[in-house]
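K.L.:
Just coords_37.pdb, nothing more (PDB, C-alpha atoms and all ligand atoms):
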ATOM      1  CA  MET A   1     -35.968 116.489  41.994
ATOM      2  CA  SER A   2     -32.968 118.794  42.600
ATOM      3  CA  SER A   3     -32.468 122.006  40.609
ATOM      4  CA  SER A   4     -29.303 120.576  39.036
ATOM      5  CA  GLU A   5     -31.300 117.613  37.772
ATOM      6  CA  LEU A   6     -33.837 120.002  36.260
ATOM      7  CA  THR A   7     -31.211 122.093  34.475
ATOM      8  CA  ALA A   8     -28.902 119.238  33.481
ATOM      9  CA  LYS A   9     -28.613 118.744  29.724
ATOM     10  CA  PRO A  10     -30.083 115.351  28.842
ATOM     11  CA  VAL A  11     -27.419 112.918  27.658
ATOM     12  CA  VAL A  12     -28.362 112.093  24.101
ATOM     13  CA  ASP A  13     -27.157 108.603  23.270
ATOM     14  CA  ALA A  14     -25.092 109.879  20.338
ATOM     15  CA  GLU A  15     -22.983 111.808  22.868
ATOM     16  CA  ARG A  16     -22.507 109.014  25.374
ATOM     17  CA  ALA A  17     -18.941 107.827  25.878
ATOM     18  CA  GLY A  18     -18.185 105.106  23.367
ATOM     19  CA  SER A  19     -21.099 105.796  21.009
ATOM     20  CA  VAL A  20     -20.475 106.125  17.273
ATOM     21  CA  ARG A  21     -22.538 108.029  14.731
ATOM     22  CA  ILE A  22     -21.807 107.822  11.032
ATOM     23  CA  GLU A  23     -23.928 110.075   8.827
ATOM     24  CA  GLN A  24     -23.940 109.979   5.039
ATOM     25  CA  VAL A  25     -20.291 108.987   4.968
ATOM     26  CA  THR A  26     -18.523 108.395   1.686
ATOM     27  CA  HIS A  27     -14.814 107.739   1.427
ATOM     28  CA  GLN A  28     -12.747 107.973  -1.716
ATOM     29  CA  TYR A  29      -9.124 107.114  -2.282
ATOM     30  CA  GLY A  30      -7.278 109.109  -4.940
ATOM     31  CA  ARG A  31      -8.417 112.261  -6.690
ATOM     32  CA  GLY A  32     -10.030 113.427  -9.916
ATOM     33  CA  GLY A  33     -10.213 110.754 -12.606
ATOM     34  CA  GLU A  34      -8.258 108.375 -10.317
ATOM     35  CA  ALA A  35     -10.796 108.683  -7.475
ATOM     36  CA  PHE A  36     -12.126 105.374  -6.203
ATOM     37  CA  THR A  37     -15.079 105.171  -3.827
ATOM     38  CA  ALA A  38     -14.238 102.586  -1.169
ATOM     39  CA  VAL A  39     -17.134 103.255   1.207
ATOM     40  CA  GLY A  40     -20.538 104.802   1.167
ATOM     41  CA  PRO A  41     -22.828 106.353   1.500
ATOM     42  CA  VAL A  42     -23.123 104.805   4.965
ATOM     43  CA  ASP A  43     -25.392 105.754   7.844
ATOM     44  CA  LEU A  44     -24.754 103.854  11.034
ATOM     45  CA  ALA A  45     -25.393 104.574  14.691
ATOM     46  CA  VAL A  46     -23.724 102.429  17.332
ATOM     47  CA  PRO A  47     -25.154 103.070  20.793
ATOM     48  CA  ALA A  48     -22.805 102.982  23.770
ATOM     49  CA  GLY A  49     -22.284  99.439  25.040
ATOM     50  CA  GLU A  50     -23.190  97.709  21.790
ATOM     51  CA  PHE A  51     -20.961  95.003  20.294
ATOM     52  CA  LEU A  52     -21.241  95.641  16.572
ATOM     53  CA  VAL A  53     -19.679  93.159  14.177
ATOM     54  CA  LEU A  54     -18.969  94.211  10.598
ATOM     55  CA  VAL A  55     -18.796  91.435   8.048
ATOM     56  CA  GLY A  56     -18.441  91.503   4.297
ATOM     57  CA  ALA A  57     -16.338  90.331   1.382
ATOM     58  CA  SER A  58     -12.687  91.248   1.033
ATOM     59  CA  GLY A  59     -12.251  94.780  -0.301
ATOM     60  CA  CYS A  60     -15.759  95.977   0.574
ATOM     61  CA  GLY A  61     -14.420  98.713   2.865
ATOM     62  CA  LYS A  62     -14.497  97.287   6.409
ATOM     63  CA  SER A  63     -10.999  98.466   7.363
ATOM     64  CA  THR A  64     -11.635 101.842   5.747
ATOM     65  CA  LEU A  65     -14.788 102.277   7.836
ATOM     66  CA  LEU A  66     -12.872 101.342  10.984
ATOM     67  CA  ARG A  67     -10.076 103.807  10.175
ATOM     68  CA  LEU A  68     -12.711 106.523   9.653
ATOM     69  CA  ILE A  69     -14.177 105.789  13.105
ATOM     70  CA  ALA A  70     -10.673 105.800  14.629
ATOM     71  CA  GLY A  71      -9.975 109.180  13.013
ATOM     72  CA  PHE A  72      -7.028 107.908  10.973
ATOM     73  CA  GLU A  73      -8.876 108.841   7.778
ATOM     74  CA  GLN A  74     -11.163 111.816   7.159
ATOM     75  CA  PRO A  75     -14.382 111.064   5.255
ATOM     76  CA  THR A  76     -14.601 112.584   1.776
ATOM     77  CA  HIS A  77     -18.238 113.436   2.564
ATOM     78  CA  GLY A  78     -20.403 113.162   5.666
ATOM     79  CA  SER A  79     -19.556 113.082   9.332
ATOM     80  CA  VAL A  80     -18.203 110.632  11.892
ATOM     81  CA  ARG A  81     -18.710 111.286  15.607
ATOM     82  CA  VAL A  82     -17.350 109.287  18.502
ATOM     83  CA  SER A  83     -18.747 110.031  21.959
ATOM     84  CA  GLY A  84     -20.407 113.071  20.360
ATOM     85  CA  ALA A  85     -17.185 114.586  19.010
ATOM     86  CA  GLU A  86     -14.865 114.345  16.037
ATOM     87  CA  PRO A  87     -12.693 111.245  16.483
ATOM     88  CA  ARG A  88      -9.119 111.891  17.572
ATOM     89  CA  PRO A  89      -6.636 109.319  16.291
ATOM     90  CA  GLY A  90      -5.103 107.308  19.112
ATOM     91  CA  VAL A  91      -7.343 108.998  21.702
ATOM     92  CA  SER A  92     -11.020 108.337  20.950
ATOM     93  CA  ALA A  93     -10.661 104.567  20.616
ATOM     94  CA  GLY A  94      -8.430 101.615  21.410
ATOM     95  CA  VAL A  95      -7.552 100.115  18.024
ATOM     96  CA  VAL A  96      -6.275  96.733  16.894
ATOM     97  CA  PHE A  97      -5.323  96.997  13.226
ATOM     98  CA  GLN A  98      -5.546  94.193  10.688
ATOM     99  CA  THR A  99      -1.765  93.823  10.835
ATOM    100  CA  PRO A 100      -0.164  94.572  14.212
ATOM    101  CA  ARG A 101       1.472  97.987  14.353
ATOM    102  CA  LEU A 102       3.980  97.643  17.132
ATOM    103  CA  PHE A 103       7.271  99.387  17.784
ATOM    104  CA  PRO A 104       9.606  96.697  16.410
ATOM    105  CA  TRP A 105      12.726  97.887  18.234
ATOM    106  CA  ARG A 106      10.979  97.698  21.590
ATOM    107  CA  THR A 107      10.333  94.661  23.721
ATOM    108  CA  VAL A 108       6.868  93.259  24.404
ATOM    109  CA  ARG A 109       7.068  94.982  27.762
ATOM    110  CA  GLY A 110       8.105  98.285  26.149
ATOM    111  CA  ASN A 111       5.124  98.180  23.799
ATOM    112  CA  VAL A 112       2.609  97.498  26.552
ATOM    113  CA  ASP A 113       4.179 100.063  28.897
ATOM    114  CA  LEU A 114       3.928 102.742  26.252
ATOM    115  CA  ALA A 115       0.187 102.063  25.949
ATOM    116  CA  LEU A 116      -0.165 102.249  29.744
ATOM    117  CA  ARG A 117       1.708 105.562  29.754
ATOM    118  CA  TYR A 118      -0.566 107.008  27.044
ATOM    119  CA  ALA A 119      -3.572 105.717  28.997
ATOM    120  CA  GLY A 120      -2.400 107.773  31.983
ATOM    121  CA  VAL A 121      -1.768 104.772  34.253
ATOM    122  CA  GLY A 122       0.645 105.666  37.080
ATOM    123  CA  ARG A 123       4.109 104.107  36.640
ATOM    124  CA  ALA A 124       3.835 102.258  39.961
ATOM    125  CA  GLN A 125       0.895 100.275  38.583
ATOM    126  CA  TRP A 126       2.588  99.283  35.331
ATOM    127  CA  PRO A 127       4.075  95.920  36.430
ATOM    128  CA  GLU A 128       0.766  94.654  37.781
ATOM    129  CA  ARG A 129      -1.324  95.949  34.858
ATOM    130  CA  ARG A 130       1.221  94.683  32.319
ATOM    131  CA  ALA A 131       1.281  91.219  33.850
ATOM    132  CA  GLU A 132      -2.508  91.137  33.915
ATOM    133  CA  LEU A 133      -2.807  92.215  30.265
ATOM    134  CA  LEU A 134      -0.147  89.793  29.011
ATOM    135  CA  ALA A 135      -1.738  86.930  30.949
ATOM    136  CA  ARG A 136      -5.089  87.811  29.413
ATOM    137  CA  VAL A 137      -3.677  87.297  25.902
ATOM    138  CA  GLY A 138      -1.570  84.268  26.915
ATOM    139  CA  LEU A 139       1.831  85.953  26.603
ATOM    140  CA  GLU A 140       3.247  85.418  30.068
ATOM    141  CA  GLY A 141       7.030  85.185  30.049
ATOM    142  CA  THR A 142       7.545  87.116  26.806
ATOM    143  CA  GLU A 143       8.074  90.542  28.379
ATOM    144  CA  ARG A 144      11.760  90.822  27.494
ATOM    145  CA  ARG A 145      11.505  89.587  23.946
ATOM    146  CA  ARG A 146      11.800  91.982  21.027
ATOM    147  CA  VAL A 147       8.885  92.257  18.638
ATOM    148  CA  TRP A 148      10.871  90.658  15.772
ATOM    149  CA  GLU A 149      11.593  87.658  18.015
ATOM    150  CA  ILE A 150       7.946  86.684  18.424
ATOM    151  CA  SER A 151       5.529  85.135  15.911
ATOM    152  CA  GLY A 152       2.904  87.038  13.903
ATOM    153  CA  GLY A 153       0.126  85.649  16.101
ATOM    154  CA  GLN A 154       2.028  86.683  19.239
ATOM    155  CA  GLN A 155       2.533  90.164  17.805
ATOM    156  CA  GLN A 156      -1.207  90.407  17.201
ATOM    157  CA  ARG A 157      -1.802  89.434  20.833
ATOM    158  CA  VAL A 158       0.541  92.211  22.011
ATOM    159  CA  ALA A 159      -1.541  94.601  19.881
ATOM    160  CA  ILE A 160      -4.703  93.331  21.599
ATOM    161  CA  ALA A 161      -3.136  93.765  25.062
ATOM    162  CA  ARG A 162      -2.146  97.285  24.079
ATOM    163  CA  ALA A 163      -5.665  98.177  22.939
ATOM    164  CA  LEU A 164      -7.102  96.805  26.197
ATOM    165  CA  ALA A 165      -4.559  98.806  28.233
ATOM    166  CA  ALA A 166      -6.129 102.082  27.197
ATOM    167  CA  GLU A 167      -9.438 101.233  28.921
ATOM    168  CA  ASN A 168     -11.085 103.308  26.254
ATOM    169  CA  PRO A 169     -14.908 103.327  26.072
ATOM    170  CA  LEU A 170     -14.630 102.301  22.403
ATOM    171  CA  LEU A 171     -12.669  99.360  21.007
ATOM    172  CA  LEU A 172     -12.099  98.986  17.272
ATOM    173  CA  LEU A 173     -10.810  95.573  16.232
ATOM    174  CA  ASP A 174      -9.947  94.667  12.649
ATOM    175  CA  GLU A 175      -9.814  90.875  12.231
ATOM    176  CA  PRO A 176      -7.700  90.657  15.378
ATOM    177  CA  PHE A 177      -7.829  86.870  15.678
ATOM    178  CA  ALA A 178      -7.364  85.904  12.027
ATOM    179  CA  ALA A 179      -3.751  84.748  12.501
ATOM    180  CA  LEU A 180      -4.331  82.750  15.680
ATOM    181  CA  ASP A 181      -4.779  79.026  16.230
ATOM    182  CA  ALA A 182      -8.357  77.864  16.873
ATOM    183  CA  LEU A 183      -7.910  77.330  20.595
ATOM    184  CA  THR A 184      -6.332  80.724  21.311
ATOM    185  CA  ARG A 185      -8.903  82.371  19.074
ATOM    186  CA  GLU A 186     -11.821  80.887  21.010
ATOM    187  CA  ARG A 187     -10.268  81.830  24.333
ATOM    188  CA  LEU A 188      -9.688  85.421  23.239
ATOM    189  CA  GLN A 189     -13.181  85.667  21.761
ATOM    190  CA  GLU A 190     -14.595  84.667  25.148
ATOM    191  CA  ASP A 191     -12.317  87.185  26.824
ATOM    192  CA  VAL A 192     -13.224  90.092  24.574
ATOM    193  CA  ARG A 193     -16.927  89.273  24.929
ATOM    194  CA  GLN A 194     -16.606  89.245  28.710
ATOM    195  CA  VAL A 195     -14.358  92.301  29.031
ATOM    196  CA  THR A 196     -16.589  94.514  26.897
ATOM    197  CA  GLU A 197     -19.694  93.398  28.736
ATOM    198  CA  ARG A 198     -18.227  93.767  32.183
ATOM    199  CA  THR A 199     -16.871  97.238  31.457
ATOM    200  CA  GLY A 200     -19.797  98.416  29.296
ATOM    201  CA  ARG A 201     -17.444  99.239  26.440
ATOM    202  CA  THR A 202     -18.624  99.652  22.883
ATOM    203  CA  ALA A 203     -16.921  97.476  20.277
ATOM    204  CA  VAL A 204     -16.791  97.560  16.507
ATOM    205  CA  PHE A 205     -15.241  94.316  15.358
ATOM    206  CA  VAL A 206     -14.417  93.245  11.794
ATOM    207  CA  THR A 207     -14.338  89.590  10.815
ATOM    208  CA  HIS A 208     -14.792  87.269   7.847
ATOM    209  CA  SER A 209     -16.054  84.491  10.067
ATOM    210  CA  ALA A 210     -19.824  84.055  10.512
ATOM    211  CA  GLU A 211     -19.116  81.909  13.579
ATOM    212  CA  GLU A 212     -17.037  84.640  15.223
ATOM    213  CA  ALA A 213     -19.599  87.296  14.285
ATOM    214  CA  VAL A 214     -22.474  85.415  15.906
ATOM    215  CA  PHE A 215     -20.504  84.552  19.034
ATOM    216  CA  LEU A 216     -19.352  88.122  19.641
ATOM    217  CA  GLY A 217     -21.957  90.453  18.250
ATOM    218  CA  SER A 218     -25.007  91.934  19.871
ATOM    219  CA  ARG A 219     -25.630  93.221  16.341
ATOM    220  CA  ILE A 220     -24.193  92.290  12.964
ATOM    221  CA  VAL A 221     -23.955  94.586   9.982
ATOM    222  CA  VAL A 222     -23.096  93.194   6.574
ATOM    223  CA  LEU A 223     -21.340  95.492   4.108
ATOM    224  CA  THR A 224     -22.149  95.105   0.437
ATOM    225  CA  LYS A 225     -19.362  94.803  -2.087
ATOM    226  CA  SER A 226     -17.323  97.882  -2.875
ATOM    227  CA  PRO A 227     -18.275 100.660  -2.393
ATOM    228  CA  GLY A 228     -19.363  99.345   0.977
ATOM    229  CA  THR A 229     -22.820 100.270   2.090
ATOM    230  CA  VAL A 230     -24.800  98.737   4.914
ATOM    231  CA  ALA A 231     -26.872  95.715   3.883
ATOM    232  CA  PRO A 232     -28.776  93.664   6.497
ATOM    233  CA  ASP A 233     -28.483  94.823  10.008
ATOM    234  CA  LEU A 234     -29.154  91.851  12.282
ATOM    235  CA  PRO A 235     -29.788  92.129  16.004
ATOM    236  CA  ILE A 236     -28.416  89.038  17.761
ATOM    237  CA  SER A 237     -30.551  87.929  20.636
ATOM    238  CA  LEU A 238     -28.283  85.197  22.039
ATOM    239  CA  PRO A 239     -27.848  85.383  25.819
ATOM    240  CA  ARG A 240     -25.046  87.606  27.088
ATOM    241  CA  GLY A 241     -23.624  88.011  30.578
ATOM    242  CA  ASP A 242     -22.522  84.944  32.468
ATOM    243  CA  VAL A 243     -22.967  82.266  29.797
ATOM    244  CA  ASP A 244     -21.319  78.929  29.136
ATOM    245  CA  ALA A 245     -19.446  79.655  25.898
ATOM    246  CA  GLU A 246     -19.328  76.002  24.854
ATOM    247  CA  GLU A 247     -23.050  75.561  25.375
ATOM    248  CA  LEU A 248     -23.757  78.735  23.432
ATOM    249  CA  ARG A 249     -21.586  77.676  20.475
ATOM    250  CA  ASN A 250     -23.345  74.294  20.345
ATOM    251  CA  SER A 251     -26.903  75.615  20.597
ATOM    252  CA  PRO A 252     -29.345  75.292  17.668
ATOM    253  CA  GLU A 253     -30.009  79.069  17.819
ATOM    254  CA  PHE A 254     -26.299  79.682  17.287
ATOM    255  CA  ALA A 255     -26.191  77.325  14.293
ATOM    256  CA  GLU A 256     -29.203  78.997  12.733
ATOM    257  CA  LEU A 257     -27.780  82.498  13.147
ATOM    258  CA  ARG A 258     -24.411  81.378  11.778
ATOM    259  CA  ALA A 259     -26.109  80.029   8.640
ATOM    260  CA  GLN A 260     -28.118  83.236   8.306
ATOM    261  CA  VAL A 261     -25.018  85.454   8.570
ATOM    262  CA  SER A 262     -23.026  83.267   6.211
ATOM    263  CA  HIS A 263     -25.848  83.489   3.679
ATOM    264  CA  ALA A 264     -26.126  87.263   4.156
ATOM    265  CA  VAL A 265     -22.392  87.772   3.521
ATOM    266  CA  LYS A 266     -22.478  85.717   0.318
ATOM    267  CA  ALA A 267     -25.573  87.494  -0.955
ATOM    268  CA  ALA A 268     -24.198  90.935  -0.095
ATOM    269  CA  ALA A 269     -20.934  90.133  -1.866
ATOM    270  CA  ALA A 270     -22.705  88.898  -4.966
ATOM    271  CA  ALA A 271     -25.116  91.794  -5.322
ATOM    272  CA  CYS A 272     -27.275  94.244  -3.411
ATOM    273  CA  THR A 273     -29.973  91.592  -3.036
ATOM    274  CA  PRO A 274     -33.076  92.793  -1.187
ATOM    275  CA  TYR A 275     -33.186  91.467   2.322
ATOM    276  CA  THR A 276     -36.281  90.462   4.233
ATOM    277  CA  PRO A 277     -36.051  91.701   7.825
ATOM    278  CA  SER A 278     -38.306  88.813   8.892
ATOM    279  CA  GLY A 279     -35.071  86.850   9.327
ATOM    280  CA  LYS A 280     -36.107  84.330   6.700
ATOM    281  CA  GLY A 281     -33.262  85.298   4.390
ATOM    282  CA  PHE A 282     -33.283  86.981   1.029
ATOM    283  CA  ASP A 283     -36.003  87.567  -1.490
ATOM    284  CA  PRO A 284     -35.200  85.839  -4.764
TER     285      PRO A 284
HETATM  286  N1  LIG B   1      -4.755 103.537   1.025
HETATM  287  C1  LIG B   1      -5.508 103.146   0.002
HETATM  288  N2  LIG B   1      -5.386 103.699  -1.219
HETATM  289  C2  LIG B   1      -6.151 103.314  -2.261
HETATM  290  N3  LIG B   1      -7.106 102.367  -2.186
HETATM  291  C3  LIG B   1      -7.267 101.782  -0.995
HETATM  292  C4  LIG B   1      -6.481 102.119   0.158
HETATM  293  N4  LIG B   1      -6.886 101.344   1.208
HETATM  294  C5  LIG B   1      -7.863 100.552   0.728
HETATM  295  N5  LIG B   1      -8.091 100.804  -0.583
HETATM  296  C6  LIG B   1      -9.116 100.164  -1.437
HETATM  297  O1  LIG B   1     -10.392 100.415  -0.860
HETATM  298  C7  LIG B   1     -11.196  99.245  -0.894
HETATM  299  C8  LIG B   1     -11.618  98.875   0.515
HETATM  300  O2  LIG B   1     -10.448  98.468   1.224
HETATM  301  P1  LIG B   1     -10.503  97.961   2.715
HETATM  302  O3  LIG B   1      -9.122  97.702   3.157
HETATM  303  O4  LIG B   1     -11.305  98.926   3.507
HETATM  304  O5  LIG B   1     -11.327  96.608   2.518
HETATM  305  P2  LIG B   1     -11.672  95.450   3.571
HETATM  306  O6  LIG B   1     -13.157  95.243   3.522
HETATM  307  O7  LIG B   1     -11.073  95.755   4.885
HETATM  308  O8  LIG B   1     -10.949  94.180   2.912
HETATM  309  P3  LIG B   1     -10.255  92.893   3.646
HETATM  310  O9  LIG B   1     -11.399  92.048   4.116
HETATM  311  O10 LIG B   1      -9.513  92.253   2.519
HETATM  312  O11 LIG B   1      -9.375  93.378   4.724
HETATM  313  C9  LIG B   1     -10.375  98.173  -1.615
HETATM  314  O12 LIG B   1     -10.769  98.122  -2.959
HETATM  315  C10 LIG B   1      -8.945  98.646  -1.472
HETATM  316  O13 LIG B   1      -8.163  98.233  -2.565
HETATM  317 MG    MG B   2      -9.554  94.891   5.992
END
Using structure tokens, write down the structure that the file contains.
Ligand SMILES: Nc1ncnc2c1ncn2[C@@H]1O[C@H](COP(=O)(O)OP(=O)(O)OP(=O)(O)O)[C@@H](O)[C@H]1O
Ligand SMILES: [Mg+2]
P.N.:
Amino acid sequence: MSSSELTAKPVVDAERAGSVRIEQVTHQYGRGGEAFTAVGPVDLAVPAGEFLVLVGASGCGKSTLLRLIAGFEQPTHGSVRVSGAEPRPGVSAGVVFQTPRLFPWRTVRGNVDLALRYAGVGRAQWPERRAELLARVGLEGTERRRVWEISGGQQQRVAIARALAAENPLLLLDEPFAALDALTRERLQEDVRQVTERTGRTAVFVTHSAEEAVFLGSRIVVLTKSPGTVAPDLPISLPRGDVDAEELRNSPEFAELRAQVSHAVKAAAAACTPYTPSGKGFDP
């Protein structure tokens, strides 16, 4: 063993690029008598490389939690760390918001190029990278169109291309496929699953769909109704890597997990029902 290996500081997982650590986080909107607790207290550790899916009823705090991880909101109490440090908005993670936040006066090309510039990609590589990203989200041929000239679903796909451009070790995606047709949604789900796996990126993905959660997640966390706290935390043991997506979606294991997640979301929304980690569902 070399001397540098002996003296090297061990890489604790919580400091690895892309890891997320949320400790005793509470988030309130408003102040004083108007204060409303949207999230917490939440403790959640996402190891580097994990694909964590957050599910839960509308209003239970999923987007708030994602914005806290992205650094766009500061927790009222507790701490959020990304790659071992305080999250820096726009830097620590590639983010796809629930509604696309593009520069409306720019073209599709202008929006993607800006992301490539922020990601530090050399200008000479922009055309190739841009074409690759737009093809990935099925937007070939739209480069010159202005954002207001494309549909809501197309705008969301530009936002996805932009988040992928950053090649960030952490991707935060807030219901990115909700506005897309079923076919495009399935294709992009397969793409995001593959891209994150191939590149070892960490993902935190919000969805209302049990089907989407099971297909994408290596772990699923259900948030209880507002204020959101973590209810069941389900590891998903479906095969990853080079899998036939169609076969996976049609497997009995997939169907069983989908039913389990769907049940968990309903129960968490209704009340903080005790959960049995045996995987058999909820105690009455
Ligand atoms: N900027 C804000 N100011 C005040 N309250 C807010 C703000 N943003 C969200 N909230 C409230 O905090 C709670 C959680 O909102 P959040 O958007 O995180 O929920 P969500 O789980 O993402 O819901 P959905 O599934 O509908 O997107 C809701 O009750 C919402 O009304
Ligand atoms: Mg939301």
K.L.:
Which residues of region 74-115 of chain A have any atom within 12 Å of an atom in region 47-62 of chain A when counting only C-alpha atoms, and what is the closest pair of atoms for each, with the distance in Å to one decimal? Order the rows by chain and rising number and write it as a Markdown table.
P.N.:
| residue | atom | partner | partner_atom | distance |
| --- | --- | --- | --- | --- |
| A:Arg81 | CA | A:Pro47 | CA | 11.7 |
| A:Val82 | CA | A:Ala48 | CA | 9.9 |
| A:Ser83 | CA | A:Ala48 | CA | 8.3 |
| A:Gly84 | CA | A:Ala48 | CA | 10.9 |
| A:Phe97 | CA | A:Lys62 | CA | 11.4 |
| A:Gln98 | CA | A:Lys62 | CA | 10.4 |
K.L.:
Point out the residue among A:Leu216, A:Val206, A:Ala270, A:Leu44 with the least atom-to-atom distance to ligand MG 2 (chain B), counting all atoms listed in the file.
P.N.:
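Distance minimum relative to ligand MG 2 (chain B) lands on A:Val206.
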K.L.:
Could you check which of A:Glu149, A:Asp174, A:Glu247, A:Asp43 is closest to Ala70 (chain A), using only C-alpha atoms?
P.N.:
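Once distances to Ala70 (chain A) are computed over only C-alpha atoms, the minimum belongs to A:Asp174.
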K.L.:
My list of candidates is A:Pro176, A:Gly120, A:Gly33, A:Gly241. Which is closest to ligand MG 2 (chain B) when distances are computed with only C-alpha atoms and all ligand atoms?
P.N.:
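Among the listed residues, the smallest separation from ligand MG 2 (chain B) belongs to A:Pro176.
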K.L.:
Using the chain letters and numbers from the file, give me the residues hit by the PyMOL selection byres (((not hetatm)) within 12 of (chain B and resi 1)), as a VMD selection string.
P.N.:
chain A and resid 26 to 31 34 to 40 54 to 68 72 to 73 97 to 99 173 to 176 178 205 to 209 222 to 229 265 269
K.L.:
Taking C-alpha atoms for each residue, export the selection above as a PDB file, in the frame of the given file.
P.N.:
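Printed below is again17.pdb as written:
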ATOM      1  CA  THR A  26     -18.523 108.395   1.686  1.00  0.00           C
ATOM      2  CA  HIS A  27     -14.814 107.739   1.427  1.00  0.00           C
ATOM      3  CA  GLN A  28     -12.747 107.973  -1.716  1.00  0.00           C
ATOM      4  CA  TYR A  29      -9.124 107.114  -2.282  1.00  0.00           C
ATOM      5  CA  GLY A  30      -7.278 109.109  -4.940  1.00  0.00           C
ATOM      6  CA  ARG A  31      -8.417 112.261  -6.690  1.00  0.00           C
ATOM      7  CA  GLU A  34      -8.258 108.375 -10.317  1.00  0.00           C
ATOM      8  CA  ALA A  35     -10.796 108.683  -7.475  1.00  0.00           C
ATOM      9  CA  PHE A  36     -12.126 105.374  -6.203  1.00  0.00           C
ATOM     10  CA  THR A  37     -15.079 105.171  -3.827  1.00  0.00           C
ATOM     11  CA  ALA A  38     -14.238 102.586  -1.169  1.00  0.00           C
ATOM     12  CA  VAL A  39     -17.134 103.255   1.207  1.00  0.00           C
ATOM     13  CA  GLY A  40     -20.538 104.802   1.167  1.00  0.00           C
ATOM     14  CA  LEU A  54     -18.969  94.211  10.598  1.00  0.00           C
ATOM     15  CA  VAL A  55     -18.796  91.435   8.048  1.00  0.00           C
ATOM     16  CA  GLY A  56     -18.441  91.503   4.297  1.00  0.00           C
ATOM     17  CA  ALA A  57     -16.338  90.331   1.382  1.00  0.00           C
ATOM     18  CA  SER A  58     -12.687  91.248   1.033  1.00  0.00           C
ATOM     19  CA  GLY A  59     -12.251  94.780  -0.301  1.00  0.00           C
ATOM     20  CA  CYS A  60     -15.759  95.977   0.574  1.00  0.00           C
ATOM     21  CA  GLY A  61     -14.420  98.713   2.865  1.00  0.00           C
ATOM     22  CA  LYS A  62     -14.497  97.287   6.409  1.00  0.00           C
ATOM     23  CA  SER A  63     -10.999  98.466   7.363  1.00  0.00           C
ATOM     24  CA  THR A  64     -11.635 101.842   5.747  1.00  0.00           C
ATOM     25  CA  LEU A  65     -14.788 102.277   7.836  1.00  0.00           C
ATOM     26  CA  LEU A  66     -12.872 101.342  10.984  1.00  0.00           C
ATOM     27  CA  ARG A  67     -10.076 103.807  10.175  1.00  0.00           C
ATOM     28  CA  LEU A  68     -12.711 106.523   9.653  1.00  0.00           C
ATOM     29  CA  PHE A  72      -7.028 107.908  10.973  1.00  0.00           C
ATOM     30  CA  GLU A  73      -8.876 108.841   7.778  1.00  0.00           C
ATOM     31  CA  PHE A  97      -5.323  96.997  13.226  1.00  0.00           C
ATOM     32  CA  GLN A  98      -5.546  94.193  10.688  1.00  0.00           C
ATOM     33  CA  THR A  99      -1.765  93.823  10.835  1.00  0.00           C
ATOM     34  CA  LEU A 173     -10.810  95.573  16.232  1.00  0.00           C
ATOM     35  CA  ASP A 174      -9.947  94.667  12.649  1.00  0.00           C
ATOM     36  CA  GLU A 175      -9.814  90.875  12.231  1.00  0.00           C
ATOM     37  CA  PRO A 176      -7.700  90.657  15.378  1.00  0.00           C
ATOM     38  CA  ALA A 178      -7.364  85.904  12.027  1.00  0.00           C
ATOM     39  CA  PHE A 205     -15.241  94.316  15.358  1.00  0.00           C
ATOM     40  CA  VAL A 206     -14.417  93.245  11.794  1.00  0.00           C
ATOM     41  CA  THR A 207     -14.338  89.590  10.815  1.00  0.00           C
ATOM     42  CA  HIS A 208     -14.792  87.269   7.847  1.00  0.00           C
ATOM     43  CA  SER A 209     -16.054  84.491  10.067  1.00  0.00           C
ATOM     44  CA  VAL A 222     -23.096  93.194   6.574  1.00  0.00           C
ATOM     45  CA  LEU A 223     -21.340  95.492   4.108  1.00  0.00           C
ATOM     46  CA  THR A 224     -22.149  95.105   0.437  1.00  0.00           C
ATOM     47  CA  LYS A 225     -19.362  94.803  -2.087  1.00  0.00           C
ATOM     48  CA  SER A 226     -17.323  97.882  -2.875  1.00  0.00           C
ATOM     49  CA  PRO A 227     -18.275 100.660  -2.393  1.00  0.00           C
ATOM     50  CA  GLY A 228     -19.363  99.345   0.977  1.00  0.00           C
ATOM     51  CA  THR A 229     -22.820 100.270   2.090  1.00  0.00           C
ATOM     52  CA  VAL A 265     -22.392  87.772   3.521  1.00  0.00           C
ATOM     53  CA  ALA A 269     -20.934  90.133  -1.866  1.00  0.00           C
TER      54      ALA A 269
END
K.L.:
Which is closest to ligand MG 2 (chain B) among A:Val96, A:Ile160, A:Ala268, A:Val112, if we use only C-alpha atoms and all ligand atoms?
P.N.:
A:Val96
K.L.:
Please return as a compact mmCIF listing (two decimals) with C-alpha atoms, keeping the file's coordinate frame every residue within 10 Å of (-17.4, 98.1, 20.6), taking into account all atoms listed in the file and the file's own coordinates.
P.N.:
# COMPACT_ATOMS: atom_id res chain seq x y z
CA GLY A 18 -18.18 105.11 23.37
CA SER A 19 -21.10 105.80 21.01
CA VAL A 20 -20.48 106.12 17.27
CA VAL A 46 -23.72 102.43 17.33
CA PRO A 47 -25.15 103.07 20.79
CA ALA A 48 -22.80 102.98 23.77
CA GLY A 49 -22.28 99.44 25.04
CA GLU A 50 -23.19 97.71 21.79
CA PHE A 51 -20.96 95.00 20.29
CA LEU A 52 -21.24 95.64 16.57
CA VAL A 53 -19.68 93.16 14.18
CA ALA A 93 -10.66 104.57 20.62
CA GLY A 94 -8.43 101.62 21.41
CA ASN A 168 -11.08 103.31 26.25
CA PRO A 169 -14.91 103.33 26.07
CA LEU A 170 -14.63 102.30 22.40
CA LEU A 171 -12.67 99.36 21.01
CA LEU A 172 -12.10 98.99 17.27
CA LEU A 173 -10.81 95.57 16.23
CA VAL A 192 -13.22 90.09 24.57
CA ARG A 193 -16.93 89.27 24.93
CA THR A 196 -16.59 94.51 26.90
CA GLU A 197 -19.69 93.40 28.74
CA GLY A 200 -19.80 98.42 29.30
CA ARG A 201 -17.44 99.24 26.44
CA THR A 202 -18.62 99.65 22.88
CA ALA A 203 -16.92 97.48 20.28
CA VAL A 204 -16.79 97.56 16.51
CA PHE A 205 -15.24 94.32 15.36
CA GLY A 217 -21.96 90.45 18.25
CA SER A 218 -25.01 91.93 19.87
